[in-house]
Each structure stands twice: as C-alpha cells, then as structure tokens.
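Asks: Right, I'll just put the structure down here and ask away after.
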Amino acid sequence: MTDSRDLWWFGLLQGVLAILFGIAAVFWPGLTLVTLVYLFGAFILVWGLSDMVKGLMSIRYRSSWWLGVVLGLVGVGVGVYLIRHPGTSFDLFILLSGFLLIVHGLLDIVGSFIERDTATARTLWLMAGLAGIIAGIVLLSYPVAGSVAFVWVLGLYALLSGPLMIALSFDVRNGVDETAAVVRRHKA
C-alpha cells in the first residue's frame, strides 16, 4: 500500500524543477518569448503531471487528494497549450501564468487547512500558496512593466517556491514517520 513516504520525492522533484526554472529565468532574463514559453510550458507540464500522479496515488490516505488532481489537470492543460503554441502573445502568456499562479496558490492554501499534516507542513503549504497568489497578482497587475520584470517575477517565485517544496517533501517524509510512531505508541 502506498503512503506519503512513497510519494515524498514528488515534492522534491517539483522543488528541484522550480529552482532550475528560477535560475534560468533570473540569470537569463533576456530569453526570447518563444524560449521562455517552452521553458515555462515544460516546467508547468512536468509539475502538473507530478501533482496529478501524486494526487491519484494518495486517494486512500489523504482527504485532499483531489487538490493534486485539479492542480495537475490545470498545470498539464496550461503546459500542453504553451508547448503547442510557443508563438503565443506576451499578453496571453502573462494571463495564463498569472492565473495559474493564483489558482495554484489558492489550492495550496486550501490544502494547508484540510490536511492533518504537521504544523511545519501546514506553514510551508501556506507560505507557498501566499507566494503564488502574490506573484500571480503582481504579474496581472503590472503586465506592461516589461518582459524582463515579468521573467524576474516568475523566476523569483520559482526560486522561493522550490526550496519550500523541498522542505515540505522532507517534512512529509519525516512527518509520516512521526505520526506512525505516535499511532504505534498509542496502540501499545
């Protein structure tokens, strides 16, 4: 039977991907729009697939499994669209990115209140959710600020959320061990 210890590495993968995308976005802000769309599309596609698989594999033991599936479907949809339409307009790219970050952030916050994770995990989910909402609002509020600022906002969000996801994945792995130990002590 699958439990969180088996799935913790999905969060690690998402965190590492976020950091790699963030580094690319921050250190190469002059990327052409097509290159940026491909990079962000691939990042969101893999992130979405990971969320979907993690959500489906956790049906038996997490009440918020459906959040992962919803996040995954949204991410896969946006990622596939961006990869299939690399010549998308900058305005549409800003809208898709901004709304995706806001939706992801809102669902992270909802998940932080639904699950009975450790206090650390709930705090990390809440921080990641707030970061996504703030980044999405900034992207949607200042669309004419220029492409470099847009890339930096995406990159900084990825550099902030990546370590949060890595920390959360290790907390989930360790938190399940702690919860299992408490249950074993209680039964004894």
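Naming works like this for the structure tokens: A, B, ... for the chains as they're shown, residue 1 at the start of each chain, ligands 1 onward in shown order.
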Using only C-alpha atoms, determine which residues lie at most 10 Å from Leu106 of chain A, disregarding the query and same-chain residues fewer than 5 positions distant; provide the list as a PyMOL selection string.

Replies: chain A and resi 100-101+111-112+126+128-130+132-133

Asks: Could you take the residues named above and write them with C-alpha atoms, as a PDB file, in the first residue's frame?

Replies:
ATOM      1  CA  LEU A 100      -2.104  29.659 -12.923  1.00  0.00           C
ATOM      2  CA  LEU A 101      -0.034  31.003 -10.022  1.00  0.00           C
ATOM      3  CA  GLY A 111      -4.789  22.122   1.254  1.00  0.00           C
ATOM      4  CA  SER A 112      -2.958  23.611   4.227  1.00  0.00           C
ATOM      5  CA  LEU A 126       0.508  28.310   3.412  1.00  0.00           C
ATOM      6  CA  ALA A 128       3.904  28.551  -0.906  1.00  0.00           C
ATOM      7  CA  GLY A 129       0.264  29.422  -1.515  1.00  0.00           C
ATOM      8  CA  LEU A 130       0.718  33.032  -0.485  1.00  0.00           C
ATOM      9  CA  GLY A 132       1.880  32.013  -5.660  1.00  0.00           C
ATOM     10  CA  ILE A 133      -1.011  34.398  -5.105  1.00  0.00           C
TER      11      ILE A 133
END

Asks: With only C-alpha atoms as the counted atoms, please give the residues lying no more than 8 Å from Asp51 of chain A, apart from itself and same-chain residues fewer than 4 positions off, as a PyMOL selection string.

Replies: chain A and resi 10+47+55+68-69+71-72

Asks: Any chance you could export the current selection's C-alpha atoms as a PDB file, in the first residue's frame?

Replies:
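File out02.pdb, as written:
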ATOM      1  CA  PHE A  10       7.331  14.079  -5.977  1.00  0.00           C
ATOM      2  CA  TRP A  47       4.811  19.999 -12.371  1.00  0.00           C
ATOM      3  CA  GLY A  55      -2.951  13.129  -6.072  1.00  0.00           C
ATOM      4  CA  GLY A  68      -3.440  17.439  -6.522  1.00  0.00           C
ATOM      5  CA  VAL A  69      -5.545  16.111  -9.372  1.00  0.00           C
ATOM      6  CA  LEU A  71      -3.746  21.284  -9.823  1.00  0.00           C
ATOM      7  CA  GLY A  72      -2.297  18.637 -12.091  1.00  0.00           C
TER       8      GLY A  72
END

Asks: Which residue out of A:Leu33, A:Leu39, A:Ile23, A:Leu73 has the minimum interatomic distance to Leu92 of chain A when only C-alpha atoms are used?

Replies: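 Once distances to Leu92 of chain A are computed over only C-alpha atoms, the minimum belongs to A:Leu33.
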
Asks: Among segment 4-133 of chain A, which residues carry a DSSP assignment of helix (DSSP H, G or I), reported as a PyMOL selection string?

Replies: chain A and resi 4-27+33-57+65-84+90-114+119-133

Asks: Take atom CA of Trp28 of chain A and atom CA of Phe43 of chain A and report the distance between them in Å, one decimal.

Replies: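 If I compute the distance from atom CA of Trp28 of chain A to atom CA of Phe43 of chain A, I get 15.9 Å.
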
Asks: Leu156 of chain A: which residues within 10 Å, counting only C-alpha atoms, same-chain residues fewer than 5 positions away excluded, as a list in words?

Replies: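 Once the adjacent positions are removed, what remains is Ala18, Ile19, Phe21, Gly22, Ile23, Ala25, Val26, Ala131, Ala135, Phe150, Val151, Ser161 and Gly162 of chain A.
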
Asks: In Å, with one decimal, what is the gap from atom CA of Gly175 of chain A to atom CA of Leu67 of chain A?

Replies: 19.9 Å

Asks: Which residues, written as an MDAnalysis selection string, have at least one atom at most 9 Å from Thr120 of chain A, with only C-alpha atoms counted and residues fewer than 3 positions away on the same chain left out?

Replies: chainID A and resid 117 123:125 168 171

Asks: Quick check, in Å to one decimal: how far apart do atom CA of Val37 of chain A and atom CA of Ile83 of chain A lie?

Replies: 7.0 Å

Asks: Can you work out which one of A:Leu31, A:Leu12, A:Val172, A:Leu36 has the shortest atom-to-atom distance to Glu115 of chain A, counting only C-alpha atoms?

Replies: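 Looking only at the distances to Glu115 of chain A, the closest residue turns out to be A:Val172.
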
Asks: Just the residues within 7 Å of Tyr38 of chain A, please, counting only C-alpha atoms, with nothing from its chain fewer than 4 positions along; format it as an MDAnalysis selection string.

Replies: chainID A and resid 34 42 82:83 86

Asks: Of the residues A:Gly15, A:Val76, A:Phe90, A:Val70, which is the one nearest to Val148 of chain A, using only C-alpha atoms?

Replies: A:Phe90

Asks: Let me make sure I understand: among A:Ala121, A:Val74, A:Ile166, A:Ile137, which one has the smallest atom-to-atom distance to Leu107 of chain A if we use only C-alpha atoms?

Replies: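 Residue with the minimum atom-to-atom distance to Leu107 of chain A: A:Val74.
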
Asks: Go through A:Phe93, A:Tyr61, A:Phe99, A:Trp152 and flag the residue nearest Leu7 of chain A, using only C-alpha atoms for the distances.

Replies: A:Tyr61

Asks: Nearest residue to Arg62 of chain A out of A:Val80, A:Ile114, A:Leu13, A:Leu49, using only C-alpha atoms?

Replies: A:Ile114
